[in-house]
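Source file: work_16.csv. Holds: CSV, C-alpha atoms.
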chain,number,residue,atom,x,y,z
A,123,MET,CA,0.0,0.0,0.0
A,124,THR,CA,1.4,3.3,-1.0
A,125,HIS,CA,1.0,6.8,0.4
A,126,SER,CA,1.6,10.1,-1.2
A,127,GLY,CA,3.8,11.4,1.5
A,128,SER,CA,7.6,11.0,1.6
A,129,ASP,CA,9.2,8.4,3.8
A,130,ASP,CA,11.1,11.2,5.5
A,131,GLU,CA,7.9,13.0,6.4
A,132,PRO,CA,5.3,11.8,8.9
A,133,ASP,CA,1.7,11.5,7.7
A,134,PHE,CA,0.5,13.8,10.5
A,135,PRO,CA,2.1,17.2,11.1
A,136,GLY,CA,4.0,17.2,14.4
A,137,LEU,CA,4.1,13.4,14.7
A,138,GLY,CA,7.7,12.2,15.4
A,139,GLU,CA,8.9,15.7,16.1
A,140,ALA,CA,10.8,16.4,19.3
A,141,PRO,CA,8.4,17.8,21.9
A,142,SER,CA,8.7,21.5,22.5
A,143,PRO,CA,9.8,22.6,25.9
A,144,ARG,CA,6.8,23.3,28.2
A,145,THR,CA,6.3,27.0,28.9
A,146,PRO,CA,6.5,27.7,32.6
A,147,ALA,CA,3.2,28.8,34.2
A,148,GLY,CA,2.8,32.6,34.1
A,149,ALA,CA,5.5,33.1,31.4
A,150,GLY,CA,4.6,35.9,29.0
A,151,HIS,CA,2.4,37.5,31.6
A,152,SER,CA,5.0,38.8,34.0
A,153,ARG,CA,4.0,41.6,36.4
A,154,PRO,CA,5.3,45.1,35.4
A,155,ALA,CA,8.2,46.3,37.5
A,156,ALA,CA,7.3,48.5,40.4
A,157,LYS,CA,7.8,52.2,39.6
A,158,HIS,CA,9.8,54.5,41.8
A,159,HIS,CA,6.8,56.6,42.8
A,160,ASP,CA,5.0,53.5,44.2
A,161,GLY,CA,7.6,53.3,47.0
A,162,HIS,CA,7.6,57.1,47.3
A,163,ARG,CA,3.9,57.1,48.2
A,164,ASP,CA,4.4,54.6,51.0
A,165,ARG,CA,7.4,56.4,52.4
A,166,LEU,CA,5.6,59.8,52.4
A,167,ARG,CA,2.6,58.3,54.2
A,168,GLU,CA,4.9,56.7,56.7
A,169,ARG,CA,6.7,59.9,57.4
A,170,PHE,CA,3.4,61.7,57.9
A,171,SER,CA,2.1,59.0,60.2
A,172,ASP,CA,5.3,58.8,62.3
A,173,ALA,CA,6.5,62.4,62.4
A,174,GLY,CA,3.4,64.4,61.7
A,175,PRO,CA,2.7,67.2,59.1
A,176,THR,CA,5.6,69.4,60.3
A,177,ALA,CA,8.1,66.8,58.9
A,178,LEU,CA,6.8,67.3,55.4
A,179,ALA,CA,7.3,70.2,53.0
A,180,ASP,CA,4.2,72.0,51.6
A,181,TYR,CA,4.5,70.3,48.3
A,182,GLU,CA,4.6,66.9,50.0
A,183,LEU,CA,1.4,67.6,51.9
A,184,LEU,CA,-0.2,68.5,48.6
A,185,GLU,CA,1.1,65.2,47.2
A,186,LEU,CA,-0.9,63.4,49.9
A,187,ILE,CA,-4.0,65.1,48.6
A,188,LEU,CA,-3.2,64.3,45.0
A,189,PHE,CA,-2.6,60.6,45.8
A,190,ARG,CA,-6.4,60.2,46.2
A,191,THR,CA,-7.4,61.2,42.7
A,192,ILE,CA,-4.2,60.4,40.7
A,193,PRO,CA,-3.5,56.8,41.7
A,194,ARG,CA,-1.0,55.7,39.1
A,195,ARG,CA,1.3,58.7,38.4
A,196,ASP,CA,4.1,60.5,40.0
A,197,VAL,CA,2.4,63.6,41.4
A,198,LYS,CA,5.4,65.3,42.9
A,199,PRO,CA,6.0,67.4,39.7
A,200,ILE,CA,2.3,68.4,39.7
A,201,ALA,CA,2.4,69.4,43.4
A,202,LYS,CA,5.5,71.5,42.9
A,203,THR,CA,4.1,73.2,39.7
A,204,LEU,CA,0.9,74.1,41.6
A,205,ILE,CA,2.8,75.8,44.4
A,206,ALA,CA,5.2,77.5,42.0
A,207,ARG,CA,2.2,78.8,39.9
A,208,PHE,CA,0.1,80.1,42.8
A,209,GLY,CA,2.8,81.0,45.3
A,210,SER,CA,2.0,79.0,48.4
A,211,LEU,CA,0.0,76.0,49.6
A,212,ALA,CA,-2.7,78.3,51.0
A,213,GLU,CA,-3.1,80.0,47.6
A,214,VAL,CA,-3.3,76.6,45.9
A,215,LEU,CA,-6.1,75.5,48.2
A,216,ASN,CA,-8.1,78.7,47.7
A,217,ALA,CA,-7.5,78.9,43.9
A,218,PRO,CA,-10.6,78.7,41.6
A,219,PRO,CA,-11.0,75.2,40.1
A,220,ARG,CA,-10.8,76.6,36.5
A,221,ARG,CA,-7.3,78.1,37.3
A,222,LEU,CA,-6.2,74.9,39.0
A,223,MET,CA,-7.1,72.9,35.8
A,224,GLU,CA,-4.8,75.1,33.8
A,225,VAL,CA,-1.9,73.1,35.3
A,226,PRO,CA,-1.1,69.9,33.3
A,227,GLY,CA,-2.3,66.8,35.1
A,228,VAL,CA,-5.0,68.6,37.1
A,229,LYS,CA,-8.5,67.5,36.1
A,230,ASP,CA,-12.0,68.0,37.5
A,231,ALA,CA,-11.6,65.4,40.3
A,232,VAL,CA,-8.3,66.9,41.5
A,233,ALA,CA,-9.7,70.4,41.6
A,234,LEU,CA,-12.8,69.2,43.4
A,235,ASP,CA,-10.7,67.4,46.0
A,236,ILE,CA,-8.6,70.5,46.6
A,237,ALA,CA,-11.8,72.6,47.0
A,238,ILE,CA,-13.1,70.1,49.5
A,239,VAL,CA,-10.0,70.3,51.6
A,240,ALA,CA,-10.2,74.1,51.6
A,241,ALA,CA,-13.9,74.1,52.6
A,242,VAL,CA,-13.2,71.7,55.5
A,243,ASN,CA,-10.4,73.9,56.7
A,244,GLN,CA,-12.6,77.0,56.6
A,245,ARG,CA,-15.4,75.3,58.4
A,246,ALA,CA,-13.1,74.0,61.1
A,247,MET,CA,-11.7,77.5,61.7
A,248,ARG,CA,-15.2,79.0,61.7
A,249,SER,CA,-16.3,76.4,64.4
A,250,ALA,CA,-13.2,77.3,66.4
A,251,VAL,CA,-14.2,81.0,66.3
A,252,LYS,CA,-17.9,80.2,67.0
A,253,SER,CA,-17.2,78.1,70.1
A,254,ARG,CA,-15.4,80.8,72.1
A,255,GLU,CA,-15.5,84.5,72.8
A,256,VAL,CA,-14.3,86.3,69.7
A,257,LEU,CA,-12.5,89.2,71.4
A,258,SER,CA,-10.6,86.8,73.6
A,259,SER,CA,-9.5,84.7,70.6
A,260,TRP,CA,-8.5,87.5,68.1
A,261,ALA,CA,-5.8,85.3,66.5
A,262,ALA,CA,-8.5,82.7,65.6
A,263,VAL,CA,-10.6,85.4,64.1
A,264,LEU,CA,-7.8,86.6,61.9
A,265,ASP,CA,-6.9,83.1,60.9
A,266,TYR,CA,-10.5,82.3,59.9
A,267,CYS,CA,-10.9,85.6,58.0
A,268,LYS,CA,-7.6,85.0,56.1
A,269,ALA,CA,-8.7,81.4,55.1
A,270,ALA,CA,-12.2,82.6,54.1
A,271,MET,CA,-11.4,85.6,52.1
A,272,ALA,CA,-7.8,86.6,51.7
A,273,TYR,CA,-7.4,84.7,48.5
A,274,GLU,CA,-10.6,85.9,46.8
A,275,THR,CA,-10.0,87.6,43.4
A,276,ARG,CA,-12.4,90.5,44.2
A,277,GLU,CA,-12.8,92.6,47.3
A,278,GLN,CA,-15.4,91.4,49.8
A,279,PHE,CA,-17.0,93.3,52.7
A,280,ARG,CA,-17.6,90.8,55.5
A,281,ILE,CA,-19.4,91.4,58.8
A,282,LEU,CA,-19.0,89.3,62.0
A,283,PHE,CA,-22.0,89.8,64.2
A,284,LEU,CA,-21.5,89.3,68.0
A,285,ASP,CA,-23.8,88.9,70.9
A,286,ARG,CA,-23.3,90.6,74.3
A,287,LYS,CA,-20.8,87.9,75.3
A,288,ASN,CA,-18.8,88.6,72.2
A,289,ALA,CA,-19.6,85.2,70.7
A,290,LEU,CA,-20.3,84.9,67.0
A,291,ILE,CA,-23.9,85.0,65.9
A,292,ALA,CA,-23.4,85.2,62.2
A,293,ASP,CA,-20.7,85.7,59.6
A,294,GLU,CA,-21.9,87.3,56.4
A,295,VAL,CA,-20.5,88.7,53.2
A,296,GLN,CA,-22.6,91.9,52.7
A,297,GLY,CA,-20.9,93.1,49.5
A,298,THR,CA,-18.6,92.0,46.7
A,299,GLY,CA,-16.9,94.6,44.5
A,300,THR,CA,-14.0,94.7,42.0
A,301,VAL,CA,-10.3,94.0,42.4
A,302,ASP,CA,-9.7,97.2,44.3
A,303,HIS,CA,-13.1,98.5,45.6
A,304,THR,CA,-16.2,97.3,47.4
A,305,PRO,CA,-19.1,99.4,48.5
A,306,VAL,CA,-20.2,99.8,52.1
A,307,TYR,CA,-23.7,100.9,53.0
A,308,PRO,CA,-24.1,101.9,56.7
A,309,ARG,CA,-27.9,101.6,56.6
A,310,GLU,CA,-27.7,98.0,55.5
A,311,VAL,CA,-25.0,97.2,58.1
A,312,VAL,CA,-27.2,98.6,60.9
A,313,LYS,CA,-30.4,97.0,59.6
A,314,ARG,CA,-28.8,93.5,59.6
A,315,ALA,CA,-27.3,94.0,63.0
A,316,LEU,CA,-30.7,94.9,64.4
A,317,GLU,CA,-32.3,91.9,62.7
A,318,LEU,CA,-29.8,89.6,64.4
A,319,SER,CA,-30.0,91.4,67.8
A,320,ALA,CA,-26.2,91.9,67.6
A,321,THR,CA,-24.6,94.1,70.2
A,322,ALA,CA,-21.2,94.4,68.4
A,323,ILE,CA,-19.8,93.9,64.9
A,324,ILE,CA,-16.4,93.3,63.3
A,325,LEU,CA,-16.0,94.6,59.8
A,326,VAL,CA,-13.4,93.0,57.5
A,327,HIS,CA,-12.5,93.3,53.9
A,328,ASN,CA,-9.7,91.8,51.8
A,329,HIS,CA,-7.1,93.2,49.3
A,330,PRO,CA,-6.9,90.9,46.3
A,331,THR,CA,-3.9,92.9,45.0
A,332,PHE,CA,-1.9,91.6,47.9
A,333,PRO,CA,-3.2,88.1,48.4
A,334,LYS,CA,-0.5,87.1,50.9
A,335,SER,CA,-1.4,89.8,53.4
A,336,SER,CA,-4.0,89.4,56.1
A,337,PRO,CA,-7.5,90.8,55.6
A,338,SER,CA,-7.9,94.2,57.3
A,339,ILE,CA,-10.4,96.9,58.1
A,340,THR,CA,-9.5,100.0,56.3
A,341,PHE,CA,-9.7,103.4,58.0
A,342,LYS,CA,-12.0,104.6,55.2
A,343,HIS,CA,-14.7,102.1,56.1
A,344,ALA,CA,-14.3,102.7,59.8
A,345,LYS,CA,-14.7,106.4,59.3
A,346,THR,CA,-17.7,106.0,57.1
A,347,LEU,CA,-19.5,103.9,59.7
A,348,ALA,CA,-18.4,106.0,62.6
A,349,SER,CA,-20.1,109.0,61.0
A,350,ASN,CA,-23.5,107.2,61.0
A,351,PRO,CA,-25.7,108.4,63.9
A,352,VAL,CA,-26.6,104.9,65.0
A,353,PHE,CA,-22.9,104.0,65.5
A,354,ALA,CA,-22.2,107.3,67.1
A,355,LEU,CA,-24.8,106.6,69.8
A,356,ALA,CA,-23.4,103.1,70.4

Encoded form using structure tokens:
Amino acid sequence: MTHSGSDDEPDFPGLGEAPSPRTPAGAGHSRPAAKHHDGHRDRLRERFSDAGPTALADYELLELILFRTIPRRDVKPIAKTLIARFGSLAEVLNAPPRRLMEVPGVKDAVALDIAIVAAVNQRAMRSAVKSREVLSSWAAVLDYCKAAMAYETREQFRILFLDRKNALIADEVQGTGTVDHTPVYPREVVKRALELSATAIILVHNHPTFPKSSPSITFKHAKTLASNPVFALA
């Protein structure tokens, strides 16, 4: 009986061939090598946990925030760029989201996280002011006002209304102006103070031209209000 194939070739492909070496399990699917920033994240968290925030530079604290929303990327360059662009950690936290997103690598989620941190910080400072006598904790008042309005891009006129024990009743922005001016209306100030039964008020406004300075009460505003008969009688 004859066959069409050659005597040197098997009838079935592969038959009689030497078996190919068995591929070890997992070969061809090796895990990618760990990147340098993976270990950096662990080390930074460990330093914060062991030594506290004072052991970290401002950009490193910002990195800890960025870790949440940028899980697989080295965020140190982003953190440093943000601080270089805005001037300080405080100014980064208080920057408008649209400006934050001008920095490469900063998307909606990152800008939102930064805004949340800033809001929590302001709320904590406000609660610290509200829980004690304002005039006996002037430093806390200044810290709160700076966090709340020093980094606004337009001037604000803010009023802190106090009760007879100098505790905070309300904190309200009564007017928002331009980059170098905001109007003050004594009638409206008095009207709102009476509505809240306030016995004292603190008037504050910011200077957007100098964002790193503390908010202050200008002599011009104080003079305007002092000339009002209601304030003169008080």

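If all atoms listed in the file are the atoms counted, then among A:Asp265, A:Glu274, A:Asp180, A:Glu224 the closest residue to A:Ile205 is A:Asp180.
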
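Between atom CA of A:Ala261 and atom CA of A:Arg207 the separation is 28.5 Å.
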
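Taking atom CA of A:Arg195 as the reference point, atom CA of A:Val228 is found at 11.8 Å.
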
Checklist line | Neighbour list for A:Phe170 as a PyMOL selection string, cut-off 10 Å, all atoms listed in the file, skip fewer than 6 positions in-chain | finding: chain A and resi 164+176-178+182-183+186

Could you take the residues named above and write them with C-alpha atoms, as a PDB file, in the coordinates of the input?
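Saved the output as again-v9.pdb:
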ATOM      1  CA  ASP A 164       4.400  54.600  51.000  1.00  0.00           C
ATOM      2  CA  THR A 176       5.600  69.400  60.300  1.00  0.00           C
ATOM      3  CA  ALA A 177       8.100  66.800  58.900  1.00  0.00           C
ATOM      4  CA  LEU A 178       6.800  67.300  55.400  1.00  0.00           C
ATOM      5  CA  GLU A 182       4.600  66.900  50.000  1.00  0.00           C
ATOM      6  CA  LEU A 183       1.400  67.600  51.900  1.00  0.00           C
ATOM      7  CA  LEU A 186      -0.900  63.400  49.900  1.00  0.00           C
TER       8      LEU A 186
END

Check: Which protein, DNA or RNA residues have an atom at most 12 Å from (-11.8, 62.2, 48.1), counting only C-alpha atoms? List them as a ChimeraX atom specification.
Finding: /A:186-193,231-239

File of the preceding selection, C-alpha atoms, as a PDB file, in the frame of the given file:
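Saved the output as result-v5.pdb:
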ATOM      1  CA  LEU A 186      -0.900  63.400  49.900  1.00  0.00           C
ATOM      2  CA  ILE A 187      -4.000  65.100  48.600  1.00  0.00           C
ATOM      3  CA  LEU A 188      -3.200  64.300  45.000  1.00  0.00           C
ATOM      4  CA  PHE A 189      -2.600  60.600  45.800  1.00  0.00           C
ATOM      5  CA  ARG A 190      -6.400  60.200  46.200  1.00  0.00           C
ATOM      6  CA  THR A 191      -7.400  61.200  42.700  1.00  0.00           C
ATOM      7  CA  ILE A 192      -4.200  60.400  40.700  1.00  0.00           C
ATOM      8  CA  PRO A 193      -3.500  56.800  41.700  1.00  0.00           C
ATOM      9  CA  ALA A 231     -11.600  65.400  40.300  1.00  0.00           C
ATOM     10  CA  VAL A 232      -8.300  66.900  41.500  1.00  0.00           C
ATOM     11  CA  ALA A 233      -9.700  70.400  41.600  1.00  0.00           C
ATOM     12  CA  LEU A 234     -12.800  69.200  43.400  1.00  0.00           C
ATOM     13  CA  ASP A 235     -10.700  67.400  46.000  1.00  0.00           C
ATOM     14  CA  ILE A 236      -8.600  70.500  46.600  1.00  0.00           C
ATOM     15  CA  ALA A 237     -11.800  72.600  47.000  1.00  0.00           C
ATOM     16  CA  ILE A 238     -13.100  70.100  49.500  1.00  0.00           C
ATOM     17  CA  VAL A 239     -10.000  70.300  51.600  1.00  0.00           C
TER      18      VAL A 239
END

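In this structure, atom CA of A:Glu185 sits 28.8 Å away from atom CA of A:Arg276.
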
Note to self: Which residue is closest to A:Gly209? Choose from A:Val197, A:Tyr181, A:Leu290, A:Val311 and count all atoms listed in the file.
What the structure shows: A:Tyr181
